[in-house]
Amino acid sequence: MTEIRLHIRGQIAEIVLDGPESRNALNAANLRDLAEAVAQVAEAVPGVRAMLIRGEGKVFCSGRDISAVDVATDDAYAFLAEMFTPVFQAIRGLPIPVVAQVQGAALGLGFGIAAAADIVYAAENAKFGSPFAAIGAMLDSGAHHVFLDRLGYHRTMDLIVTGDFMSGAEAAAAGIVSRAVPADELADFVEEKLNGIVSGPAEAYAMEKSFVQKLTDEQPTLTEVLDAEARLQESARQTPDYAEGFRAFQERRKPNFG
């Protein structure tokens, strides 16, 4: 059984999938708890300036907990559309950078939770792919979109049909994750990056997150992007962080973003 734990430590919120014995598999109750944890983080902004999602033990998340699922009565659509999708959207909708720290397998729901983050740091030996052929099921949790976008048709179908996995290093090279580092260095690497993020310009990060998601979802023309960038830059110019950043550059010192 997996437990969802939330810790707020200074300006960093940390959500932990804590169920090493079940490989951090998630059931409906876990998804409700995860949604509540994300809502609490949202309420803690702007005091909280970044969020970390990680799994306890050797695996990030092996996917849905199907150990007690009755196939005859299970409603797969309701589980994904009504339980998982709201969590995915809530993570994406946070106005702060969200980092996923992935060790071991991130499959099914696990991959979807990681993909909802803005930045995914993975161990070089992490595992990504589609194990669903083994149980006669479909790839889900948004993985079709991510795989097709980053890998193309043939590589996506290869992963689906064979059930083979990509390593974290391969996933980083393909753009599935942000970066891959040696497994024994992952936690320290992520912590260092988080400390840098929380000292950065929060308002600019919020605008960037919203804008990059809009570009990803809507695929506007280059002319539309240029105009939107100009308007956003003017909005950024009016923030205290922008003024501090320019002053620091002109004075040749490190900026102090409040």
# chains A, B, ... in the order shown; residues from 1 in each chain; ligands from 1
call {"tool": "closest_atom_pairs", "arguments": {"of": "range 33-138 of chain A", "to": "range 186-197 of chain A", "cutoff": "10 Å", "atoms": "only C-alpha atoms", "output": "Markdown table"}}
result
| residue | atom | partner | partner_atom | distance |
| --- | --- | --- | --- | --- |
| A:Arg49 | CA | A:Ile197 | CA | 7.8 |
| A:Ala50 | CA | A:Ile197 | CA | 7.0 |
| A:Met51 | CA | A:Leu194 | CA | 8.3 |
| A:Leu52 | CA | A:Leu194 | CA | 8.0 |
| A:Arg54 | CA | A:Ala187 | CA | 9.6 |
| A:Ile96 | CA | A:Ile197 | CA | 9.5 |
| A:Pro97 | CA | A:Ile197 | CA | 7.7 |
| A:Val98 | CA | A:Leu194 | CA | 9.3 |
| A:Val99 | CA | A:Leu194 | CA | 7.9 |
| A:Ala100 | CA | A:Val190 | CA | 8.8 |
| A:Gln101 | CA | A:Val190 | CA | 7.0 |
| A:Val102 | CA | A:Leu186 | CA | 8.4 |
| A:Gln103 | CA | A:Leu186 | CA | 8.0 |
| A:Val120 | CA | A:Val190 | CA | 9.5 |
| A:Tyr121 | CA | A:Val190 | CA | 7.1 |
| A:Ala122 | CA | A:Leu186 | CA | 7.1 |
| A:Ala123 | CA | A:Leu186 | CA | 6.1 |
| A:Glu124 | CA | A:Leu186 | CA | 9.0 |
call {"tool": "write_last_selection", "arguments": {"atoms": "C-alpha atoms", "output": "PDB file, in the first residue's frame"}}
result
ATOM      1  CA  ARG A  49       8.384  28.456  -4.806  1.00  0.00           C
ATOM      2  CA  ALA A  50       9.025  24.936  -6.150  1.00  0.00           C
ATOM      3  CA  MET A  51       7.647  21.418  -5.760  1.00  0.00           C
ATOM      4  CA  LEU A  52       9.416  18.068  -5.848  1.00  0.00           C
ATOM      5  CA  ARG A  54       9.657  11.601  -5.817  1.00  0.00           C
ATOM      6  CA  ILE A  96       5.612  27.170  -9.651  1.00  0.00           C
ATOM      7  CA  PRO A  97       8.243  24.888 -11.197  1.00  0.00           C
ATOM      8  CA  VAL A  98       7.562  21.210 -10.482  1.00  0.00           C
ATOM      9  CA  VAL A  99      10.476  18.760 -10.525  1.00  0.00           C
ATOM     10  CA  ALA A 100      10.105  14.977 -10.751  1.00  0.00           C
ATOM     11  CA  GLN A 101      12.984  12.880  -9.402  1.00  0.00           C
ATOM     12  CA  VAL A 102      12.845   9.506 -11.137  1.00  0.00           C
ATOM     13  CA  GLN A 103      14.781   6.455 -10.080  1.00  0.00           C
ATOM     14  CA  VAL A 120      12.212  15.519 -14.984  1.00  0.00           C
ATOM     15  CA  TYR A 121      15.593  14.477 -13.615  1.00  0.00           C
ATOM     16  CA  ALA A 122      16.188  10.748 -13.945  1.00  0.00           C
ATOM     17  CA  ALA A 123      18.759   8.223 -12.888  1.00  0.00           C
ATOM     18  CA  GLU A 124      20.773   6.947 -15.840  1.00  0.00           C
TER      19      GLU A 124
END
call {"tool": "select_by_dssp", "arguments": {"residues": "range 78-208 of chain A", "states": "helix (DSSP H, G or I)", "output": "VMD selection string"}}
result
chain A and resid 78 to 93 109 to 116 132 to 135 143 to 162 168 to 174 183 to 198 202 to 208
call {"tool": "select_by_dssp", "arguments": {"residues": "range 5-115 of chain A", "states": "strand (DSSP E or B)", "output": "MDAnalysis selection string"}}
result
chainID A and resid 5:9 12:18 26 50:55 61 64 98:102 105:106
call {"tool": "residues_around", "arguments": {"residues": "Met83 in chain A", "least_positions_apart": "6", "cutoff": "9 Å", "atoms": "only C-alpha atoms", "output": "number ranges by chain"}}
result
A: 28, 31-32, 35
call {"tool": "write_last_selection", "arguments": {"atoms": "N, CA, C and O atoms", "output": "short mmCIF file (atom, residue, chain, number, x, y, z; two decimals), in the first residue's frame"}}
result
data_model
loop_
_atom_site.label_atom_id
_atom_site.label_comp_id
_atom_site.auth_asym_id
_atom_site.auth_seq_id
_atom_site.Cartn_x
_atom_site.Cartn_y
_atom_site.Cartn_z
N ALA A 28 -7.02 4.33 -6.48
CA ALA A 28 -7.90 5.50 -6.51
C ALA A 28 -7.73 6.37 -5.26
O ALA A 28 -7.70 7.61 -5.36
N LEU A 31 -4.67 8.50 -5.56
CA LEU A 31 -4.84 9.63 -6.47
C LEU A 31 -5.64 10.75 -5.79
O LEU A 31 -5.36 11.93 -6.00
N ARG A 32 -6.63 10.39 -4.98
CA ARG A 32 -7.37 11.41 -4.23
C ARG A 32 -6.43 12.12 -3.25
O ARG A 32 -6.46 13.36 -3.12
N ALA A 35 -4.13 14.42 -5.19
CA ALA A 35 -4.83 15.65 -5.58
C ALA A 35 -4.93 16.61 -4.40
O ALA A 35 -4.74 17.84 -4.55
#
call {"tool": "atom_distance", "arguments": {"atom1": "CA of Ser167 in chain A", "atom2": "CA of His144 in chain A"}}
result
17.8 Å
call {"tool": "atom_distance", "arguments": {"atom1": "CA of Tyr205 in chain A", "atom2": "CA of Asp118 in chain A"}}
result
10.8 Å
call {"tool": "closest_residue", "arguments": {"among": "A:Pro131, A:Pro220, A:Pro182, A:Gly200", "to": "Glu244 in chain A", "atoms": "only C-alpha atoms"}}
result
A:Gly200
call {"tool": "closest_residue", "arguments": {"among": "A:Ala183, A:Ala248, A:Val38, A:Val59", "to": "Gly104 in chain A", "atoms": "only C-alpha atoms"}}
result
A:Val59
call {"tool": "closest_atom_pairs", "arguments": {"of": "range 167-221 of chain A", "to": "range 147-151 of chain A", "cutoff": "8 Å", "atoms": "only C-alpha atoms", "output": "Markdown table"}}
result
| residue | atom | partner | partner_atom | distance |
| --- | --- | --- | --- | --- |
| A:Ala174 | CA | A:Arg150 | CA | 6.4 |
| A:Gly175 | CA | A:Arg150 | CA | 6.1 |
| A:Ile176 | CA | A:Arg150 | CA | 6.4 |
call {"tool": "atom_distance", "arguments": {"atom1": "CA of Glu218 in chain A", "atom2": "CA of Asp140 in chain A"}}
result
21.2 Å
call {"tool": "closest_residue", "arguments": {"among": "A:Val198, A:Val181, A:Ala171, A:Val212", "to": "Gly47 in chain A", "atoms": "only C-alpha atoms"}}
result
A:Val198
